[in-house]
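Trainee: Contents of model25.cif (mmCIF, C-alpha atoms) are given next:
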```
data_protein
loop_
_atom_site.group_PDB
_atom_site.id
_atom_site.type_symbol
_atom_site.label_atom_id
_atom_site.label_comp_id
_atom_site.auth_asym_id
_atom_site.auth_seq_id
_atom_site.Cartn_x
_atom_site.Cartn_y
_atom_site.Cartn_z
ATOM 1 C CA ALA A 1 16.942 133.083 86.913
ATOM 2 C CA GLY A 2 13.963 130.914 87.845
ATOM 3 C CA VAL A 3 14.399 128.812 84.692
ATOM 4 C CA GLY A 4 18.023 128.027 85.478
ATOM 5 C CA HIS A 5 17.277 127.007 89.037
ATOM 6 C CA GLY A 6 14.432 124.807 87.837
ATOM 7 C CA ARG A 7 16.738 122.546 85.842
ATOM 8 C CA GLY A 8 16.562 118.920 86.837
ATOM 9 C CA LYS A 9 12.961 119.346 88.038
ATOM 10 C CA ARG A 10 9.944 117.971 86.167
ATOM 11 C CA PHE A 11 7.230 120.561 85.623
ATOM 12 C CA GLU A 12 3.750 120.359 84.167
ATOM 13 C CA GLN A 13 3.625 121.760 80.641
ATOM 14 C CA LYS A 14 1.413 124.661 81.683
ATOM 15 C CA VAL A 15 3.851 125.872 84.366
ATOM 16 C CA ASP A 16 4.959 129.398 83.461
ATOM 17 C CA LEU A 17 8.454 129.937 84.856
ATOM 18 C CA GLY A 18 8.315 133.535 83.637
ATOM 19 C CA VAL A 19 5.409 134.235 85.997
ATOM 20 C CA ILE A 20 7.281 132.560 88.848
ATOM 21 C CA ALA A 21 10.356 134.677 88.121
ATOM 22 C CA LYS A 22 8.250 137.868 88.261
ATOM 23 C CA ALA A 23 6.701 136.711 91.558
ATOM 24 C CA THR A 24 10.132 136.326 93.189
ATOM 25 C CA PRO A 25 11.910 139.670 92.670
ATOM 26 C CA GLY A 26 15.062 140.020 94.733
ATOM 27 C CA PHE A 27 15.453 136.273 95.368
ATOM 28 C CA THR A 28 19.070 135.113 95.411
ATOM 29 C CA GLY A 29 20.229 132.024 93.557
ATOM 30 C CA ALA A 30 20.190 130.035 96.776
ATOM 31 C CA GLU A 31 16.656 131.208 97.590
ATOM 32 C CA LEU A 32 15.412 130.252 94.127
ATOM 33 C CA MET A 33 17.033 126.835 94.466
ATOM 34 C CA ASN A 34 15.343 126.415 97.834
ATOM 35 C CA LEU A 35 12.004 127.394 96.275
ATOM 36 C CA MET A 36 12.402 124.758 93.559
ATOM 37 C CA ASN A 37 13.330 122.099 96.126
ATOM 38 C CA GLN A 38 10.358 123.048 98.311
ATOM 39 C CA SER A 39 8.110 122.880 95.252
ATOM 40 C CA GLY A 40 9.308 119.355 94.555
ATOM 41 C CA LEU A 41 8.578 118.322 98.137
ATOM 42 C CA THR A 42 5.123 119.878 97.913
ATOM 43 C CA ALA A 43 4.373 117.817 94.812
ATOM 44 C CA ILE A 44 5.642 114.641 96.486
ATOM 45 C CA ARG A 45 3.392 115.266 99.514
ATOM 46 C CA LYS A 46 0.469 115.308 97.094
ATOM 47 C CA GLY A 47 1.535 112.025 95.491
ATOM 48 C CA ARG A 48 2.929 113.505 92.279
ATOM 49 C CA GLU A 49 6.369 113.498 90.653
ATOM 50 C CA VAL A 50 5.642 116.461 88.383
ATOM 51 C CA ILE A 51 5.570 120.005 89.830
ATOM 52 C CA SER A 52 2.558 122.214 89.113
ATOM 53 C CA GLN A 53 2.293 126.011 89.193
ATOM 54 C CA ALA A 54 0.207 125.683 92.364
ATOM 55 C CA ASP A 55 3.002 123.645 94.000
ATOM 56 C CA VAL A 56 5.507 126.435 93.356
ATOM 57 C CA PHE A 57 3.256 129.127 94.801
ATOM 58 C CA GLU A 58 2.381 126.970 97.799
ATOM 59 C CA ALA A 59 6.105 126.556 98.487
ATOM 60 C CA LEU A 60 6.540 130.317 98.044
ATOM 61 C CA ASP A 61 3.764 130.921 100.588
ATOM 62 C CA GLU A 62 5.516 128.651 103.093
ATOM 63 C CA ILE A 63 8.863 130.392 102.634
ATOM 64 C CA GLN A 64 7.358 133.867 103.029
ATOM 65 C CA ALA A 65 5.307 132.811 106.066
ATOM 66 C CA GLU A 66 8.457 131.474 107.720
ATOM 67 C CA ARG A 67 10.219 134.769 107.013
ATOM 68 C CA LEU A 68 7.444 136.752 108.694
ATOM 69 C CA GLY A 69 7.257 134.502 111.755
ATOM 70 C CA GLU A 70 5.714 136.215 114.768
ATOM 71 C CA SER A 71 5.834 139.604 113.052
ATOM 72 C CA SER A 72 3.016 138.435 110.780
ATOM 73 C CA PRO A 73 -0.345 140.075 111.591
ATOM 74 C CA PHE A 74 -1.780 136.554 111.449
ATOM 75 C CA SER A 75 0.614 135.004 113.972
ATOM 76 C CA ALA A 76 -0.538 133.330 117.200
ATOM 77 C CA LYS A 77 1.232 136.089 119.135
ATOM 78 C CA GLN A 78 -0.785 138.803 117.361
ATOM 79 C CA LEU A 79 -4.135 137.005 117.508
ATOM 80 C CA SER A 80 -4.011 134.924 120.664
ATOM 81 C CA GLY A 81 -7.443 133.801 121.823
ATOM 82 C CA THR A 82 -9.133 134.181 118.432
ATOM 83 C CA PRO A 83 -11.235 131.065 117.578
ATOM 84 C CA PRO A 84 -9.652 129.240 114.576
ATOM 85 C CA SER A 85 -12.866 129.297 112.508
ATOM 86 C CA LEU A 86 -13.322 133.057 112.987
ATOM 87 C CA LEU A 87 -9.662 133.741 112.275
ATOM 88 C CA ARG A 88 -9.831 131.712 109.071
ATOM 89 C CA LYS A 89 -12.977 133.574 108.003
ATOM 90 C CA ARG A 90 -11.352 136.945 108.601
ATOM 91 C CA MET A 91 -8.204 135.844 106.802
ATOM 92 C CA SER A 92 -10.274 134.684 103.822
ATOM 93 C CA ILE A 93 -12.075 138.039 103.724
ATOM 94 C CA PHE A 94 -8.786 139.901 103.963
ATOM 95 C CA ALA A 95 -7.052 137.949 101.185
ATOM 96 C CA THR A 96 -10.050 137.862 98.833
ATOM 97 C CA ALA A 97 -10.490 141.629 99.131
ATOM 98 C CA LYS A 98 -6.920 142.312 98.015
ATOM 99 C CA ALA A 99 -7.196 139.807 95.161
ATOM 100 C CA LEU A 100 -10.568 141.081 93.895
ATOM 101 C CA VAL A 101 -9.697 144.765 94.112
ATOM 102 C CA GLY A 102 -6.356 144.127 92.411
ATOM 103 C CA CYS A 103 -8.085 142.267 89.581
ATOM 104 C CA ILE A 104 -10.687 144.938 88.861
ATOM 105 C CA LEU A 105 -8.226 147.843 88.915
ATOM 106 C CA PRO A 106 -7.263 148.626 85.300
ATOM 107 C CA GLU A 107 -3.796 149.915 86.220
ATOM 108 C CA TYR A 108 -2.573 147.034 88.383
ATOM 109 C CA HIS A 109 -0.581 143.820 88.131
ATOM 110 C CA GLU A 110 -1.965 140.379 87.265
ATOM 111 C CA LEU A 111 -3.004 138.017 90.061
ATOM 112 C CA ALA A 112 -0.965 134.787 90.126
ATOM 113 C CA ARG A 113 -2.544 133.150 93.177
ATOM 114 C CA VAL A 114 -4.363 133.945 96.414
ATOM 115 C CA SER A 115 -4.158 131.646 99.434
ATOM 116 C CA VAL A 116 -5.215 131.315 103.049
ATOM 117 C CA ASN A 117 -3.595 129.029 105.637
ATOM 118 C CA PRO A 118 -1.051 127.569 103.177
ATOM 119 C CA SER A 119 0.096 124.182 104.546
ATOM 120 C CA GLY A 120 -1.674 124.954 107.821
ATOM 121 C CA LEU A 121 0.264 128.187 108.417
ATOM 122 C CA SER A 122 -1.570 131.229 109.793
ATOM 123 C CA SER A 123 -0.945 133.446 106.800
ATOM 124 C CA THR A 124 -2.581 134.764 103.657
ATOM 125 C CA PHE A 125 -0.958 135.794 100.411
ATOM 126 C CA ALA A 126 -2.183 137.476 97.250
ATOM 127 C CA HIS A 127 0.618 137.142 94.716
ATOM 128 C CA PHE A 128 0.564 139.719 91.931
ATOM 129 C CA VAL A 129 3.045 139.736 89.050
ATOM 130 C CA PRO A 130 3.896 142.771 86.880
ATOM 131 C CA GLN A 131 2.375 142.931 83.417
ATOM 132 C CA GLU A 132 4.775 142.479 80.499
ATOM 133 C CA GLU A 133 4.826 146.181 79.625
ATOM 134 C CA SER A 134 5.922 147.114 83.153
ATOM 135 C CA VAL A 135 8.680 144.495 83.093
ATOM 136 C CA GLU A 136 9.966 145.555 79.681
ATOM 137 C CA THR A 137 10.000 149.307 80.354
ATOM 138 C CA ASN A 138 10.813 149.117 84.081
ATOM 139 C CA VAL A 139 8.658 152.230 84.480
ATOM 140 C CA VAL A 140 6.486 152.787 87.548
ATOM 141 C CA ASP A 141 3.933 155.551 87.063
ATOM 142 C CA ARG A 142 1.513 157.363 89.343
ATOM 143 C CA ALA A 143 -1.480 155.247 88.266
ATOM 144 C CA LEU A 144 0.288 152.050 89.351
ATOM 145 C CA LEU A 145 1.322 153.519 92.715
ATOM 146 C CA GLU A 146 -2.203 154.773 93.380
ATOM 147 C CA SER A 147 -3.538 151.308 92.522
ATOM 148 C CA GLU A 148 -1.047 149.809 94.978
ATOM 149 C CA LEU A 149 -2.519 152.040 97.692
ATOM 150 C CA VAL A 150 -6.037 150.822 96.858
ATOM 151 C CA VAL A 151 -4.996 147.146 97.099
ATOM 152 C CA LEU A 152 -3.228 147.787 100.405
ATOM 153 C CA MET A 153 -6.396 149.360 101.844
ATOM 154 C CA ALA A 154 -8.704 146.618 100.524
ATOM 155 C CA GLY A 155 -8.386 144.138 103.406
ATOM 156 C CA TYR A 156 -9.039 146.822 106.011
ATOM 157 C CA CYS A 157 -12.079 148.095 104.088
ATOM 158 C CA ALA A 158 -13.449 144.570 103.620
ATOM 159 C CA GLU A 159 -13.381 143.919 107.370
ATOM 160 C CA LYS A 160 -15.264 147.164 107.955
ATOM 161 C CA LEU A 161 -17.917 146.184 105.441
ATOM 162 C CA ALA A 162 -18.216 142.612 106.717
ATOM 163 C CA PHE A 163 -18.083 143.149 110.486
ATOM 164 C CA GLY A 164 -18.757 146.827 111.096
ATOM 165 C CA ASP A 165 -16.564 149.798 111.898
ATOM 166 C CA LYS A 166 -16.100 148.835 115.565
ATOM 167 C CA ASN A 167 -15.077 145.246 114.854
ATOM 168 C CA VAL A 168 -12.043 145.714 112.609
ATOM 169 C CA SER A 169 -9.157 143.452 113.670
ATOM 170 C CA VAL A 170 -5.392 144.015 113.520
ATOM 171 C CA LEU A 171 -5.092 141.958 110.316
ATOM 172 C CA GLY A 172 -4.885 145.026 108.103
ATOM 173 C CA ASN A 173 -2.435 147.001 110.264
ATOM 174 C CA ALA A 174 0.696 146.033 108.327
ATOM 175 C CA ASP A 175 -0.899 146.878 104.968
ATOM 176 C CA VAL A 176 -2.232 150.207 106.250
ATOM 177 C CA GLU A 177 1.227 151.120 107.574
ATOM 178 C CA HIS A 178 2.719 150.133 104.224
ATOM 179 C CA ALA A 179 0.148 152.325 102.483
ATOM 180 C CA ARG A 180 1.033 155.279 104.727
ATOM 181 C CA ALA A 181 4.735 154.853 103.973
ATOM 182 C CA LEU A 182 4.108 154.588 100.226
ATOM 183 C CA ALA A 183 1.812 157.635 100.215
ATOM 184 C CA ARG A 184 4.446 159.679 102.066
ATOM 185 C CA GLN A 185 7.085 158.577 99.567
ATOM 186 C CA MET A 186 4.790 159.598 96.707
ATOM 187 C CA VAL A 187 4.412 163.057 98.219
ATOM 188 C CA CYS A 188 7.957 163.673 99.461
ATOM 189 C CA GLU A 189 9.999 162.076 96.702
ATOM 190 C CA TYR A 190 7.841 161.868 93.576
ATOM 191 C CA GLY A 191 5.988 165.179 93.735
ATOM 192 C CA TYR A 192 2.515 163.601 93.721
ATOM 193 C CA GLY A 193 1.093 165.790 96.484
ATOM 194 C CA LYS A 194 -1.507 168.412 95.576
ATOM 195 C CA SER A 195 -0.292 170.943 98.161
ATOM 196 C CA VAL A 196 3.434 170.191 98.131
ATOM 197 C CA GLY A 197 3.554 169.564 94.383
ATOM 198 C CA MET A 198 7.012 169.467 92.831
ATOM 199 C CA LEU A 199 8.595 170.992 95.943
ATOM 200 C CA THR A 200 9.789 167.523 96.867
ATOM 201 C CA LEU A 201 11.831 166.803 99.968
ATOM 202 C CA PRO A 202 13.345 163.760 101.669
ATOM 203 C CA PRO A 203 10.990 161.947 104.107
ATOM 204 C CA GLU A 204 13.212 162.806 107.076
ATOM 205 C CA GLU A 205 12.883 166.517 106.325
ATOM 206 C CA ALA A 206 9.109 166.150 106.296
ATOM 207 C CA ALA A 207 9.262 165.085 109.929
ATOM 208 C CA ASP A 208 11.545 167.946 110.977
ATOM 209 C CA GLN A 209 9.537 170.520 112.933
ATOM 210 C CA GLU A 210 12.385 172.575 114.420
ATOM 211 C CA THR A 211 11.588 175.643 112.331
ATOM 212 C CA LYS A 212 8.363 177.380 111.336
ATOM 213 C CA VAL A 213 9.015 176.596 107.668
ATOM 214 C CA SER A 214 9.576 172.874 108.233
ATOM 215 C CA HIS A 215 6.527 172.738 110.493
ATOM 216 C CA ASP A 216 4.366 174.251 107.761
ATOM 217 C CA MET A 217 5.808 171.881 105.199
ATOM 218 C CA HIS A 218 5.183 168.966 107.544
ATOM 219 C CA ALA A 219 1.500 169.963 107.758
ATOM 220 C CA LEU A 220 1.234 170.173 103.965
ATOM 221 C CA VAL A 221 2.849 166.757 103.554
ATOM 222 C CA ASP A 222 0.463 165.224 106.107
ATOM 223 C CA ALA A 223 -2.506 166.729 104.278
ATOM 224 C CA ASP A 224 -1.340 165.337 100.930
ATOM 225 C CA VAL A 225 -0.643 161.902 102.416
ATOM 226 C CA SER A 226 -4.101 161.820 103.985
ATOM 227 C CA ALA A 227 -5.690 162.816 100.679
ATOM 228 C CA LEU A 228 -3.974 159.967 98.825
ATOM 229 C CA LEU A 229 -5.010 157.448 101.480
ATOM 230 C CA GLU A 230 -8.609 158.707 101.507
ATOM 231 C CA GLN A 231 -8.830 158.417 97.722
ATOM 232 C CA ALA A 232 -7.498 154.851 97.923
ATOM 233 C CA GLU A 233 -10.000 154.014 100.663
ATOM 234 C CA VAL A 234 -12.875 155.331 98.544
ATOM 235 C CA LYS A 235 -11.860 153.204 95.565
ATOM 236 C CA ALA A 236 -11.435 150.076 97.711
ATOM 237 C CA TYR A 237 -14.878 150.572 99.291
ATOM 238 C CA LYS A 238 -16.486 151.135 95.899
ATOM 239 C CA GLY A 239 -14.883 148.094 94.331
ATOM 240 C CA LEU A 240 -15.939 145.811 97.185
ATOM 241 C CA ALA A 241 -19.408 147.264 97.729
ATOM 242 C CA LYS A 242 -20.367 147.244 94.062
ATOM 243 C CA ASN A 243 -19.281 143.595 93.740
ATOM 244 C CA TRP A 244 -20.389 142.440 97.186
ATOM 245 C CA ARG A 245 -22.123 139.183 96.244
ATOM 246 C CA LEU A 246 -19.201 138.237 94.004
ATOM 247 C CA PHE A 247 -16.857 139.061 96.871
ATOM 248 C CA GLU A 248 -18.836 136.843 99.245
ATOM 249 C CA ALA A 249 -18.800 133.958 96.755
ATOM 250 C CA LEU A 250 -15.046 134.275 96.186
ATOM 251 C CA THR A 251 -14.401 134.496 99.937
ATOM 252 C CA THR A 252 -16.381 131.307 100.536
ATOM 253 C CA LYS A 253 -14.508 129.526 97.747
ATOM 254 C CA LEU A 254 -11.140 130.567 99.185
ATOM 255 C CA TYR A 255 -12.257 129.557 102.687
ATOM 256 C CA ASP A 256 -13.255 126.103 101.386
ATOM 257 C CA GLU A 257 -10.363 125.481 98.990
ATOM 258 C CA ASN A 258 -7.394 127.250 100.673
ATOM 259 C CA ASN A 259 -6.139 128.751 97.426
ATOM 260 C CA ILE A 260 -7.260 129.951 93.996
ATOM 261 C CA MET A 261 -4.898 130.382 91.057
ATOM 262 C CA GLY A 262 -5.008 133.744 89.315
ATOM 263 C CA THR A 263 -6.401 132.426 86.028
ATOM 264 C CA ASP A 264 -9.256 130.686 87.850
ATOM 265 C CA PHE A 265 -9.943 133.798 89.939
ATOM 266 C CA ALA A 266 -10.105 135.937 86.785
ATOM 267 C CA SER A 267 -12.491 133.447 85.146
ATOM 268 C CA LEU A 268 -14.830 133.608 88.141
ATOM 269 C CA ILE A 269 -14.881 137.395 87.920
ATOM 270 C CA ALA A 270 -15.516 137.300 84.165
ATOM 271 C CA ASP A 271 -18.423 134.887 84.659
ATOM 272 C CA ALA A 272 -19.934 137.121 87.358
ATOM 273 C CA TYR A 273 -19.678 140.209 85.134
ATOM 274 C CA ARG A 274 -22.098 138.626 82.678
ATOM 275 C CA PHE A 275 -24.787 139.542 85.180
ATOM 276 C CA ASP A 276 -25.718 142.888 86.738
ATOM 277 C CA SER A 277 -23.410 144.204 89.441
ATOM 278 C CA SER A 278 -24.766 143.789 92.964
ATOM 279 C CA TYR A 279 -24.238 146.479 95.577
ATOM 280 C CA LEU A 280 -23.931 145.963 99.295
ATOM 281 C CA PRO A 281 -27.381 145.187 100.780
ATOM 282 C CA GLN A 282 -29.145 148.216 102.246
ATOM 283 C CA GLU A 283 -29.382 146.686 105.726
ATOM 284 C CA LYS A 284 -25.606 146.260 105.832
ATOM 285 C CA LYS A 285 -24.929 149.775 104.544
ATOM 286 C CA GLU A 286 -26.972 151.244 107.400
ATOM 287 C CA LYS A 287 -24.812 149.484 110.015
ATOM 288 C CA ILE A 288 -21.448 150.711 108.702
ATOM 289 C CA VAL A 289 -19.894 153.957 109.914
ATOM 290 C CA TYR A 290 -18.005 155.501 107.024
ATOM 291 C CA PRO A 291 -15.566 158.432 107.101
ATOM 292 C CA ASP A 292 -17.118 161.705 105.975
ATOM 293 C CA HIS A 293 -15.341 161.516 102.618
ATOM 294 C CA GLU A 294 -17.149 158.239 101.837
ATOM 295 C CA SER A 295 -20.533 159.955 101.411
ATOM 296 C CA GLU A 296 -20.666 159.295 97.659
ATOM 297 C CA ILE A 297 -19.624 155.642 97.749
ATOM 298 C CA PHE A 298 -23.039 154.292 96.943
ATOM 299 C CA THR A 299 -24.166 156.980 94.532
ATOM 300 C CA GLY A 300 -26.321 155.228 91.975
ATOM 301 C CA ALA A 301 -26.513 152.006 93.972
ATOM 302 C CA ALA A 302 -29.628 149.944 93.571
#
```
How does this structure look as structure tokens?
Mentor:
Amino acid sequence: AGVGHGRGKRFEQKVDLGVIAKATPGFTGAELMNLMNQSGLTAIRKGREVISQADVFEALDEIQAERLGESSPFSAKQLSGTPPSLLRKRMSIFATAKALVGCILPEYHELARVSVNPSGLSSTFAHFVPQEESVETNVVDRALLESELVVLMAGYCAEKLAFGDKNVSVLGNADVEHARALARQMVCEYGYGKSVGMLTLPPEEAADQETKVSHDMHALVDADVSALLEQAEVKAYKGLAKNWRLFEALTTKLYDENNIMGTDFASLIADAYRFDSSYLPQEKKEKIVYPDHESEIFTGAA
């Protein structure tokens, strides 16, 4: 669909319209046409007649930021009074965490681009596109859903590690709520709960506490949802803590440059992995209050 709506536009040779198509699932023909037009305008603003991959994703960022409006966790309404420099730093931490954790998870999608403050807008985006196998088979398995939970928890965990348990902002609220909803769906509909197991039930039944049976089932569902979220939190903490200096370097780069394309982000990670992994400094670990289930996060840390 993206190829058809890109006709008449001049693209750089390395632009991958297949990646763009996978990054815009559910877009109507009119929305894709608007994206192509916005991409052209973005290129013109930069003094070019040929559209780059970065132009397309910048236009996509703008469109999605406009859709969110004041409901965005980064909107002026949500974060009134926050100094711009601090907000931008937190946003960079938030976005980099999702991008890094998504890249190092073996069962997750490929990063297309990560951005902060696209075109001056108070938003961040980490665009992931499905791998070819997922697109061809159209199969979503448990490993992918669990990885999605880890990525959704990454921004929240990064703020805890960077600023301390008592200084976490509202930036991660939407992702945490999304993670809760996904975990409940995994338990109630897909049978991925340890306690509930294959005794699946619709989400609305899980909330029904009118009878003793439904109340007991509700408690089991809550326990399974919490377990999935705790496991995701552990993995997000581990991924960030073990690669802390890399995370800091990537956050600074995003803060300075506004956006990093997925291929460049992956190259930076590959270069860093040529050296020994670096855990969170001891002085920072001592200042963070972790949940009880995080006690083994730094097992084996230097």
Trainee: Go through A:Phe163, A:Tyr108, A:Phe128, A:Phe57 one by one, measure the shortest atom-to-atom distance of each to Phe94 in chain A using only C-alpha atoms, and give the residue with the smallest value.
Mentor: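 Among A:Phe163, A:Tyr108, A:Phe128, A:Phe57, it is A:Phe163 that comes nearest to Phe94 in chain A.
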Trainee: Identify which of the residues A:Leu105, A:Ile20, A:Leu145, A:Leu171 lies closest to Val187 in chain A, counting all atoms listed in the file when measuring atom-to-atom distances.
Mentor: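 Checking each of A:Leu105, A:Ile20, A:Leu145, A:Leu171 against Val187 in chain A, counting all atoms listed in the file, the winner is A:Leu145.
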Trainee: Could you tell me which of A:Glu233, A:Glu159, A:Glu58, A:Asp222 comes closest to Ser92 in chain A if we count all atoms listed in the file?
Mentor: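 Closest residue, counting all atoms listed in the file: A:Glu159.
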Trainee: Applying 10 Å and all atoms listed in the file, which residues near Gly239 in chain A remain after dropping the ones on its own chain fewer than 5 positions away? List them as number ranges by chain.
Mentor: A: 97, 100-102, 104-105, 150, 154, 233-234, 244, 247, 279, 297
Trainee: Could you tell me how far CA of Thr42 in chain A lies from CA of Gly172 in chain A, in Å and to one decimal?
Mentor: 28.9 Å
Trainee: Could you check the closest approach to Tyr192 in chain A for each of A:Val225, A:Leu254, A:Leu161, A:Val176 and tell me which residue wins, using all atoms listed in the file?
Mentor: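 Comparing A:Val225, A:Leu254, A:Leu161, A:Val176 against Tyr192 in chain A, the winner is A:Val225.
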Trainee: Give the answer as one residue: which of A:Tyr255, A:Phe27, A:Phe125, A:Tyr190 has the shortest atom-to-atom distance to Glu62 in chain A, using only C-alpha atoms?
Mentor: A:Phe125
Trainee: Which of these residues is nearest to Tyr273 in chain A, using only C-alpha atoms: A:Ala143, A:Asn243, A:Asn34, A:Ile260?
Mentor: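 For Tyr273 in chain A, the nearest of the given residues is A:Asn243.
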Trainee: CA of Thr24 in chain A and CA of Ala126 in chain A are how many Å apart?
Mentor: 13.0 Å
Trainee: Give me, please, the distance in Å between CA of Ala179 in chain A and CA of Gly155 in chain A, quoted to one decimal.
Mentor: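 One can read the CA of Ala179 in chain A to CA of Gly155 in chain A distance as 11.9 Å.
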Trainee: For this file, the PyMOL selection byres ((chain A and resi 142) around 12) selects which residues, as a list in words?
Mentor: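 Here the PyMOL selection byres ((chain A and resi 142) around 12) matches Glu107, Tyr108, Val139, Val140, Asp141, Ala143, Leu144, Leu145, Glu146, Ser147, Glu148, Leu149, Leu182, Ala183, Gln185, Met186, Val187, Tyr190, Gly191, Tyr192, Gly193 and Leu228 of chain A.
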Trainee: For range 107-114 of chain A, where the input has fewer atoms than it should, I would like all heavy atoms rebuilt and written as an mmCIF file, keeping the file's coordinate frame.
Mentor:
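Full text of out_29.cif as output:
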```
data_model
loop_
_atom_site.group_PDB
_atom_site.id
_atom_site.type_symbol
_atom_site.label_atom_id
_atom_site.label_comp_id
_atom_site.auth_asym_id
_atom_site.auth_seq_id
_atom_site.Cartn_x
_atom_site.Cartn_y
_atom_site.Cartn_z
ATOM 1 N N GLU A 107 -5.211 149.545 86.259
ATOM 2 C CA GLU A 107 -3.796 149.915 86.220
ATOM 3 C C GLU A 107 -2.957 149.096 87.203
ATOM 4 O O GLU A 107 -1.983 149.603 87.764
ATOM 5 C CB GLU A 107 -3.643 151.410 86.557
ATOM 6 C CG GLU A 107 -4.400 152.356 85.636
ATOM 7 C CD GLU A 107 -3.769 152.436 84.259
ATOM 8 O OE1 GLU A 107 -2.617 151.990 84.115
ATOM 9 O OE2 GLU A 107 -4.431 152.951 83.336
ATOM 10 N N TYR A 108 -3.324 147.805 87.401
ATOM 11 C CA TYR A 108 -2.573 147.034 88.383
ATOM 12 C C TYR A 108 -2.031 145.747 87.779
ATOM 13 O O TYR A 108 -2.318 145.401 86.634
ATOM 14 C CB TYR A 108 -3.453 146.728 89.600
ATOM 15 C CG TYR A 108 -2.638 146.393 90.837
ATOM 16 C CD1 TYR A 108 -1.701 147.302 91.329
ATOM 17 C CD2 TYR A 108 -2.771 145.177 91.483
ATOM 18 C CE1 TYR A 108 -0.942 147.004 92.440
ATOM 19 C CE2 TYR A 108 -2.015 144.869 92.603
ATOM 20 C CZ TYR A 108 -1.096 145.793 93.077
ATOM 21 O OH TYR A 108 -0.327 145.495 94.168
ATOM 22 N N HIS A 109 -1.231 145.046 88.579
ATOM 23 C CA HIS A 109 -0.581 143.820 88.131
ATOM 24 C C HIS A 109 -1.597 142.678 87.977
ATOM 25 O O HIS A 109 -2.757 142.791 88.372
ATOM 26 C CB HIS A 109 0.492 143.395 89.142
ATOM 27 C CG HIS A 109 1.517 144.441 89.411
ATOM 28 N ND1 HIS A 109 2.209 145.082 88.411
ATOM 29 C CD2 HIS A 109 1.992 144.960 90.577
ATOM 30 C CE1 HIS A 109 3.060 145.950 88.942
ATOM 31 N NE2 HIS A 109 2.937 145.898 90.249
ATOM 32 N N GLU A 110 -1.124 141.560 87.441
ATOM 33 C CA GLU A 110 -1.965 140.379 87.265
ATOM 34 C C GLU A 110 -1.862 139.475 88.496
ATOM 35 O O GLU A 110 -0.776 139.281 89.047
ATOM 36 C CB GLU A 110 -1.525 139.600 86.020
ATOM 37 C CG GLU A 110 -1.712 140.367 84.722
ATOM 38 C CD GLU A 110 -1.192 139.595 83.519
ATOM 39 O OE1 GLU A 110 -0.798 138.429 83.694
ATOM 40 O OE2 GLU A 110 -1.179 140.167 82.422
ATOM 41 N N LEU A 111 -2.985 138.923 88.921
ATOM 42 C CA LEU A 111 -3.004 138.017 90.061
ATOM 43 C C LEU A 111 -2.482 136.648 89.637
ATOM 44 O O LEU A 111 -2.945 136.079 88.652
ATOM 45 C CB LEU A 111 -4.434 137.875 90.609
ATOM 46 C CG LEU A 111 -4.601 136.932 91.805
ATOM 47 C CD1 LEU A 111 -3.945 137.521 93.051
ATOM 48 C CD2 LEU A 111 -6.084 136.661 92.065
ATOM 49 N N ALA A 112 -1.501 136.126 90.395
ATOM 50 C CA ALA A 112 -0.965 134.787 90.126
ATOM 51 C C ALA A 112 -1.651 133.741 90.988
ATOM 52 O O ALA A 112 -1.969 132.649 90.534
ATOM 53 C CB ALA A 112 0.544 134.759 90.360
ATOM 54 N N ARG A 113 -1.890 134.097 92.264
ATOM 55 C CA ARG A 113 -2.544 133.150 93.177
ATOM 56 C C ARG A 113 -2.901 133.878 94.468
ATOM 57 O O ARG A 113 -2.210 134.807 94.891
ATOM 58 C CB ARG A 113 -1.595 131.988 93.485
ATOM 59 C CG ARG A 113 -2.046 131.091 94.646
ATOM 60 C CD ARG A 113 -1.063 129.942 94.830
ATOM 61 N NE ARG A 113 -0.903 129.587 96.221
ATOM 62 C CZ ARG A 113 -1.041 128.363 96.717
ATOM 63 N NH1 ARG A 113 -1.345 127.377 95.924
ATOM 64 N NH2 ARG A 113 -0.861 128.122 97.986
ATOM 65 N N VAL A 114 -3.992 133.452 95.093
ATOM 66 C CA VAL A 114 -4.363 133.945 96.414
ATOM 67 C C VAL A 114 -4.558 132.732 97.303
ATOM 68 O O VAL A 114 -5.100 131.713 96.879
ATOM 69 C CB VAL A 114 -5.647 134.814 96.360
ATOM 70 C CG1 VAL A 114 -6.818 134.053 95.769
ATOM 71 C CG2 VAL A 114 -5.989 135.351 97.746
#
```
